[in-house]
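Asks: Can you read through this structure? Questions will come right after.
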Amino acid sequence: MNAALPLPPSVARSLEEVRCLADLEPGDRAVVHAVDPSCALGRRLIDLGFRPGTPVRVLRRAPLGDPTSYALRGTQLCLRRSEAEQIAVFRSPDE
Amino acid sequence: MSAAEGALRLGLLGAPNSGKTTLFNALTGLRARVANYPGVTVERREASVELGGRQTVIVDLPGTYSLEPLSPDEEVVNRVLEGELDAAPDALVVVADACSLERSLPFVAQVLERGRPTCLVLTMTDELQARGGSLDLPRLERALGIPVLGVVGHRGRGLDSLEALLGRPESWSRPSVPAPRDPLERSAWADSIFASVVGQRPGAHGLTRSIDRVVLHPLWGSLLFAAVMVTFFQLIFAWANPAMDVIDGAVGAAASAVQAALPAGPAADFLAEGLIAGVGAVIIFLPQILLLFGLLYLLEDVGYMARAAFVVDRLMGRVGLEGRAFVALLSSYACAVPGIMATRTIPSPRDRLATILVAPLMTCSARLPVYALLIGAFVPPTAVWGPLGLQGLVLLGLYLLGGVSALIAAGVLKRTLLAGTGPPFYLELPSYRVPTAKLWLGQVWGSAWAFLRRAGTIILAASAVLWLLLHFPASEPPAGASPAEARRHALEHSFAGSAGRAIEPVIAPLGFDWKIGVGLLASLAAREVIVATLAQIYAATDEEASLREAVRADVHPETGEPVFDPPTVAALLVFFVFALQCLSTLAVMVRETGGWRWPAFAFGYLLTLAWGASFVTHRAVAALL
């Protein structure tokens, strides 16, 4: 509606940076934005610690390219691409 | 079911890798009784101990991250909590890794919803300290409203106060406010509690990070994986042999001693060749099982097995399995018995069942004597390329055929019979730890004992029955027969001999005559037995040169054509690639799947596959020549 109204720069940047966890590269940091709690897989991912607001770091991919390991909430967890695609994240700017 | 009427029942709940099983072992020693829950491939482990002067049954529930089941199999935990599979636990003990308490709190909330007396045990508090983390446990106790205790399970630290606590669940405090039910509210609840009790978040485990840089490196990690898998294979294929030879020799000596001590006759023969050899058929597997599980649990306790699954997951994912199935299948290349037992590390029961059902297709070492006899007798030793001969190539082809068929069969099973959305794939990579000898010994011994008790009894009984079928009814050999001819005569007129003739119409399309039929029936005990049986049928004086000559020279009585013509030999080789002729494998399947249904299915589908493939091979080779 108010397309003319400029968004604050920080919000604009974070919106640009919403993507799914599977698309991040090793070394990237992100914060979980949303996981669909209405599907069983989403709820399980939430139970595994992928709750909105959780900081996640992409550690490394397996030698064959999948799965990928992530560091979050004091644990190292590996997800296949199909599971990581269910997690929307804000990519944190590179430090 | 329970050891004592009126005993207190405690259920241990927690995520895989939370230290739950370590704690269970520390509390119960080696007293655990392992069985399957009725009708599901999920293991039930419980032990009866005295805690604070009170008889207590501790039940180690399957590891889970959530009480919201995603598959019927995950419902087992819920069904146990509701008392559907067993007497419901009187009180619940949630076990969580102190370093990942943050992740575990929503699970605590789910358990609290059940309204049972609950306490929280935080394990690996030493690692939390080492990683610079700190938690305010008294404050956590107040926030949750339940008792909280920190322990170091594998070092036994904190166990005394834990035992005292566990013995009196009536006195445990209960939460005054119920935990939220909605998943997102629950996580907000967990976050606020965690924020109020955390002094310092644990840093990354420095050593783990450094080790992982090598162990999960694309090149070094893959090489290490290959080296570990070759070691597994060698353990079972080669390094177990000296011990197996000793057992073989000892069993043979015991049998001879019995035959020498007792008056000659069927009773002495049965005792020596039926029973003592049957006991030998059971304990012969112990070296392989001890070595395989010795290495498996060592690597599991150190933290490597999860990494191995991570490295190879993609490969196994193609056929619908997961990384953890790899070790089981590879071990089955040596012997399916330890291989099938190794499927216990696969958390998804559906994947585990698929792996169990295809494991017998991997070319086990018992097929080698059969292949050696047939290839040695019928495949010319021509050189094909450099040191590679035709005989070696045929052998390699048979090995590959087994492996490829197993993967295809797994893919088909996962798309048909075992289709459906299982739990999603996730794998936690635990921090590396120094394993403790006591825990490790307990795990290895537990596997060996489980095999002896459940599978061993079936193997022993079946070997005895098979011996009777091969030796009864007794018949008088013709006058003047040599001992070899007398043995042949006895076998020909036994129940097994008659059965071999009875199945001849079924196996004739494969080119097999009744003699091969008897061999196939006898090889139900173990595949390599067909060699000894054929030697007996052909009245061969030894199982090598003389038997090779005898099978080459054998002709059909009516047609004068050789019995073992190239199509028949090829069909027989292919039959051995597919058929599940191994009572020990069936017995271990009964134990691991908790019933006869799946072993019967495996036997049936592999027999059908074997017949079909042999038929096609027979026709194809006949057409080509």
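A note on labels: chains of the structure tokens are A, B, ... as shown, every chain counts residues from 1, and ligands are counted from 1 in their shown order.
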I need the helix (DSSP H, G or I) residues of chain A per DSSP on the backbone, written as a count of residues only.

Replies: 23

Asks: Please find the residues of chain A near chain B - the criterion being any atom within 8 Å, counting only C-alpha atoms - and write them as a PyMOL selection string.

Replies: chain A and resi 37+40-41+43-44+46-49+51+62-67+73-80+83

Asks: Using N, CA and C atoms, can you export the residues from the last selection as a tab-separated table (two decimals), in the first residue's frame?

Replies:
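File written: out.tsv
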```tsv
chain	number	residue	atom	x	y	z
A	37	PRO	N	4.69	-24.39	12.44
A	37	PRO	CA	4.33	-25.28	13.55
A	37	PRO	C	3.08	-26.11	13.25
A	40	ALA	N	3.89	-31.63	11.08
A	40	ALA	CA	4.59	-32.46	12.07
A	40	ALA	C	6.10	-32.25	11.98
A	41	LEU	N	6.62	-32.16	10.74
A	41	LEU	CA	8.06	-31.97	10.58
A	41	LEU	C	8.49	-30.65	11.21
A	43	ARG	N	7.06	-29.04	13.65
A	43	ARG	CA	7.03	-29.14	15.12
A	43	ARG	C	8.25	-29.91	15.63
A	44	ARG	N	8.65	-30.96	14.87
A	44	ARG	CA	9.82	-31.71	15.31
A	44	ARG	C	11.08	-30.84	15.22
A	46	ILE	N	11.18	-27.68	15.60
A	46	ILE	CA	11.11	-26.78	16.76
A	46	ILE	C	11.59	-27.53	18.01
A	47	ASP	N	11.12	-28.77	18.16
A	47	ASP	CA	11.55	-29.57	19.32
A	47	ASP	C	13.06	-29.81	19.31
A	48	LEU	N	13.65	-29.87	18.10
A	48	LEU	CA	15.09	-30.09	18.00
A	48	LEU	C	15.86	-28.81	18.30
A	49	GLY	N	15.17	-27.69	18.46
A	49	GLY	CA	15.84	-26.45	18.83
A	49	GLY	C	15.75	-25.34	17.80
A	51	ARG	N	13.90	-22.96	17.00
A	51	ARG	CA	12.77	-22.10	17.33
A	51	ARG	C	13.08	-20.70	16.82
A	62	ALA	N	28.64	-32.55	4.30
A	62	ALA	CA	29.27	-33.86	4.22
A	62	ALA	C	30.06	-33.93	2.92
A	63	PRO	N	31.07	-34.80	2.85
A	63	PRO	CA	31.90	-34.88	1.64
A	63	PRO	C	31.08	-35.05	0.36
A	64	LEU	N	29.93	-35.69	0.43
A	64	LEU	CA	29.14	-35.89	-0.79
A	64	LEU	C	28.14	-34.75	-1.00
A	65	GLY	N	28.23	-33.68	-0.21
A	65	GLY	CA	27.40	-32.50	-0.44
A	65	GLY	C	26.13	-32.43	0.39
A	66	ASP	N	25.76	-33.51	1.03
A	66	ASP	CA	24.56	-33.57	1.84
A	66	ASP	C	24.76	-34.70	2.82
A	67	PRO	N	24.30	-34.66	4.04
A	67	PRO	CA	23.66	-33.54	4.75
A	67	PRO	C	24.65	-32.44	5.14
A	73	ARG	N	22.31	-23.87	19.86
A	73	ARG	CA	21.97	-24.15	21.25
A	73	ARG	C	22.89	-25.19	21.88
A	74	GLY	N	24.17	-25.02	21.64
A	74	GLY	CA	25.14	-25.90	22.31
A	74	GLY	C	25.25	-27.28	21.72
A	75	THR	N	24.57	-27.58	20.60
A	75	THR	CA	24.70	-28.90	20.00
A	75	THR	C	25.08	-28.77	18.53
A	76	GLN	N	25.54	-29.90	17.97
A	76	GLN	CA	25.83	-29.97	16.54
A	76	GLN	C	24.82	-30.91	15.93
A	77	LEU	N	24.02	-30.42	15.01
A	77	LEU	CA	22.95	-31.22	14.45
A	77	LEU	C	23.07	-31.26	12.94
A	78	CYS	N	22.86	-32.43	12.33
A	78	CYS	CA	22.95	-32.54	10.88
A	78	CYS	C	21.54	-32.71	10.31
A	79	LEU	N	21.26	-31.96	9.26
A	79	LEU	CA	19.97	-32.09	8.57
A	79	LEU	C	20.24	-32.33	7.10
A	80	ARG	N	19.35	-33.11	6.47
A	80	ARG	CA	19.41	-33.21	5.02
A	80	ARG	C	18.82	-31.94	4.43
A	83	GLU	N	15.09	-31.28	4.86
A	83	GLU	CA	14.62	-30.78	6.15
A	83	GLU	C	15.01	-29.32	6.35
```

Asks: Excluding Leu235 of chain B and any residue of its chain fewer than 6 positions from it, enumerate the residues within 8 Å of it, using only C-alpha atoms, and give them as a PyMOL selection string.

Replies: chain B and resi 288+291-292

Asks: Output the selection as an mmCIF file, in the first residue's frame - N, CA and C atoms for each residue.

Replies:
```
data_model
loop_
_atom_site.group_PDB
_atom_site.id
_atom_site.type_symbol
_atom_site.label_atom_id
_atom_site.label_comp_id
_atom_site.auth_asym_id
_atom_site.auth_seq_id
_atom_site.Cartn_x
_atom_site.Cartn_y
_atom_site.Cartn_z
ATOM 1 N N GLN B 288 33.296 -63.208 15.880
ATOM 2 C CA GLN B 288 32.852 -62.130 14.989
ATOM 3 C C GLN B 288 32.009 -61.113 15.733
ATOM 4 N N LEU B 291 34.170 -59.044 18.194
ATOM 5 C CA LEU B 291 35.044 -58.096 17.503
ATOM 6 C C LEU B 291 34.233 -56.955 16.886
ATOM 7 N N LEU B 292 33.141 -57.304 16.200
ATOM 8 C CA LEU B 292 32.339 -56.267 15.541
ATOM 9 C C LEU B 292 31.795 -55.287 16.570
#
```

Asks: Of the residues A:Gln86, A:Leu45, A:Cys39, A:Asp28, which is the one nearest to Leu59 of chain A, using only C-alpha atoms?

Replies: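 Of all the options, A:Asp28 lies closest to Leu59 of chain A.
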
Asks: Just asking: which residues within chain A are strand (DSSP E or B) according to DSSP, as a ChimeraX atom specification?

Replies: /A:18-20,29-35,55-61,68-72,75-79,87-91

Asks: Which residues, written as a ChimeraX atom specification, have at least one atom at most 10 Å from segment 141-151 of chain B, with only C-alpha atoms counted and residues fewer than 3 positions away on the same chain left out?

Replies: /B:23,93-98,105,108-109,112,117-126,136-138,154-162,165,169,171-179,190,192-194,196-197

Asks: Got time to write the residues from that selection, N, CA and C atoms, as a compact mmCIF listing (two decimals), in the first residue's frame?

Replies:
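Contents of out.txt, as written:
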```
# COMPACT_ATOMS: atom_id res chain seq x y z
N LEU B 23 23.70 -43.67 31.90
CA LEU B 23 23.19 -43.55 33.26
C LEU B 23 22.46 -44.85 33.66
N VAL B 93 11.96 -40.00 34.92
CA VAL B 93 13.24 -39.35 35.10
C VAL B 93 13.67 -38.84 33.73
N VAL B 94 13.73 -37.51 33.58
CA VAL B 94 14.19 -36.94 32.31
C VAL B 94 15.70 -36.79 32.40
N VAL B 95 16.39 -37.35 31.40
CA VAL B 95 17.85 -37.24 31.37
C VAL B 95 18.22 -36.26 30.26
N ALA B 96 19.04 -35.26 30.58
CA ALA B 96 19.45 -34.29 29.56
C ALA B 96 20.93 -34.00 29.71
N ASP B 97 21.59 -33.78 28.59
CA ASP B 97 22.99 -33.38 28.56
C ASP B 97 23.06 -31.93 29.07
N ALA B 98 23.89 -31.70 30.11
CA ALA B 98 23.97 -30.36 30.69
C ALA B 98 24.37 -29.31 29.65
N LEU B 105 14.83 -28.31 27.26
CA LEU B 105 13.76 -27.84 28.15
C LEU B 105 12.35 -28.03 27.59
N VAL B 108 11.27 -31.35 28.48
CA VAL B 108 10.90 -31.43 29.90
C VAL B 108 9.44 -30.98 30.06
N ALA B 109 9.08 -29.90 29.34
CA ALA B 109 7.70 -29.40 29.42
C ALA B 109 6.71 -30.46 28.96
N LEU B 112 6.34 -33.00 31.68
CA LEU B 112 5.59 -32.48 32.82
C LEU B 112 4.08 -32.52 32.57
N PRO B 117 4.97 -37.82 38.83
CA PRO B 117 6.15 -37.32 39.54
C PRO B 117 7.34 -37.37 38.59
N THR B 118 8.06 -36.25 38.47
CA THR B 118 9.13 -36.15 37.49
C THR B 118 10.35 -35.51 38.13
N CYS B 119 11.54 -35.99 37.74
CA CYS B 119 12.74 -35.26 38.13
C CYS B 119 13.64 -35.14 36.92
N LEU B 120 14.58 -34.20 36.99
CA LEU B 120 15.47 -33.94 35.85
C LEU B 120 16.90 -34.26 36.28
N VAL B 121 17.58 -35.09 35.49
CA VAL B 121 18.98 -35.41 35.77
C VAL B 121 19.82 -34.83 34.65
N LEU B 122 20.77 -33.98 35.01
CA LEU B 122 21.67 -33.40 34.01
C LEU B 122 22.97 -34.19 34.01
N THR B 123 23.30 -34.75 32.85
CA THR B 123 24.51 -35.55 32.74
C THR B 123 25.64 -34.70 32.18
N MET B 124 26.83 -35.25 32.25
CA MET B 124 28.02 -34.63 31.66
C MET B 124 28.25 -33.22 32.18
N THR B 125 28.04 -33.06 33.48
CA THR B 125 28.29 -31.75 34.07
C THR B 125 29.78 -31.42 34.02
N ASP B 126 30.63 -32.47 33.93
CA ASP B 126 32.07 -32.20 33.83
C ASP B 126 32.40 -31.53 32.50
N ASP B 136 22.76 -22.55 37.08
CA ASP B 136 22.34 -22.41 38.47
C ASP B 136 21.29 -23.48 38.74
N LEU B 137 21.74 -24.67 39.23
CA LEU B 137 20.81 -25.79 39.38
C LEU B 137 19.71 -25.53 40.42
N PRO B 138 20.03 -24.93 41.61
CA PRO B 138 18.94 -24.66 42.57
C PRO B 138 17.87 -23.76 41.96
N HIS B 154 29.16 -41.61 33.38
CA HIS B 154 30.14 -42.63 33.03
C HIS B 154 31.28 -42.68 34.04
N ARG B 155 31.43 -41.66 34.91
CA ARG B 155 32.43 -41.75 35.96
C ARG B 155 31.79 -42.10 37.30
N GLY B 156 30.46 -42.24 37.29
CA GLY B 156 29.78 -42.63 38.51
C GLY B 156 29.67 -41.51 39.54
N ARG B 157 29.97 -40.25 39.15
CA ARG B 157 29.92 -39.15 40.11
C ARG B 157 28.47 -38.69 40.30
N GLY B 158 28.09 -38.48 41.53
CA GLY B 158 26.73 -38.00 41.81
C GLY B 158 25.71 -39.11 41.88
N LEU B 159 26.17 -40.37 41.73
CA LEU B 159 25.20 -41.47 41.67
C LEU B 159 24.56 -41.76 43.02
N ASP B 160 25.33 -41.57 44.12
CA ASP B 160 24.78 -41.88 45.44
C ASP B 160 23.56 -41.02 45.74
N SER B 161 23.72 -39.69 45.53
CA SER B 161 22.58 -38.83 45.83
C SER B 161 21.44 -39.10 44.85
N LEU B 162 21.81 -39.49 43.59
CA LEU B 162 20.75 -39.79 42.62
C LEU B 162 19.95 -41.01 43.07
N LEU B 165 17.62 -40.13 45.73
CA LEU B 165 16.48 -39.35 45.20
C LEU B 165 15.48 -40.26 44.49
N PRO B 169 10.12 -41.22 45.05
CA PRO B 169 9.44 -40.25 44.16
C PRO B 169 8.24 -39.57 44.82
N SER B 171 8.24 -38.02 47.44
CA SER B 171 8.66 -36.77 48.08
C SER B 171 9.07 -35.71 47.05
N TRP B 172 9.06 -36.06 45.75
CA TRP B 172 9.50 -35.09 44.75
C TRP B 172 8.53 -33.92 44.69
N SER B 173 9.08 -32.72 44.58
CA SER B 173 8.22 -31.55 44.44
C SER B 173 7.54 -31.59 43.07
N ARG B 174 6.35 -31.00 42.99
CA ARG B 174 5.60 -30.96 41.72
C ARG B 174 5.48 -29.52 41.28
N PRO B 175 5.45 -29.26 39.97
CA PRO B 175 5.35 -27.87 39.51
C PRO B 175 4.01 -27.27 39.92
N SER B 176 4.04 -25.97 40.34
CA SER B 176 2.79 -25.34 40.77
C SER B 176 2.02 -24.81 39.57
N VAL B 177 2.72 -24.42 38.51
CA VAL B 177 2.05 -23.91 37.30
C VAL B 177 2.32 -24.89 36.17
N PRO B 178 1.29 -25.33 35.43
CA PRO B 178 1.56 -26.27 34.33
C PRO B 178 2.36 -25.61 33.21
N ALA B 179 3.21 -26.40 32.55
CA ALA B 179 3.99 -25.89 31.42
C ALA B 179 3.06 -25.73 30.21
N ALA B 190 10.60 -22.19 27.61
CA ALA B 190 11.93 -22.79 27.77
C ALA B 190 13.00 -21.71 27.72
N SER B 192 12.79 -18.55 28.48
CA SER B 192 12.82 -17.68 29.65
C SER B 192 13.43 -18.43 30.84
N ILE B 193 13.11 -19.72 30.99
CA ILE B 193 13.72 -20.47 32.09
C ILE B 193 15.23 -20.57 31.89
N PHE B 194 15.62 -20.89 30.65
CA PHE B 194 17.05 -21.05 30.41
C PHE B 194 17.79 -19.75 30.70
N SER B 196 17.12 -17.54 32.78
CA SER B 196 17.24 -17.23 34.21
C SER B 196 18.22 -18.15 34.93
N VAL B 197 18.58 -19.30 34.35
CA VAL B 197 19.47 -20.22 35.08
C VAL B 197 20.88 -20.28 34.49
```

Asks: Expressed in Å to a single decimal, how great is the separation between atom CA of Ile276 of chain B and atom CA of Leu452 of chain B?

Replies: 15.1 Å

Asks: Could you tell me which of A:Arg60, A:Phe90, A:Glu85, A:Gly42 comes closest to Asp23 of chain A if we count only C-alpha atoms?

Replies: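 Ranking A:Arg60, A:Phe90, A:Glu85, A:Gly42 by distance to Asp23 of chain A, first place goes to A:Glu85.
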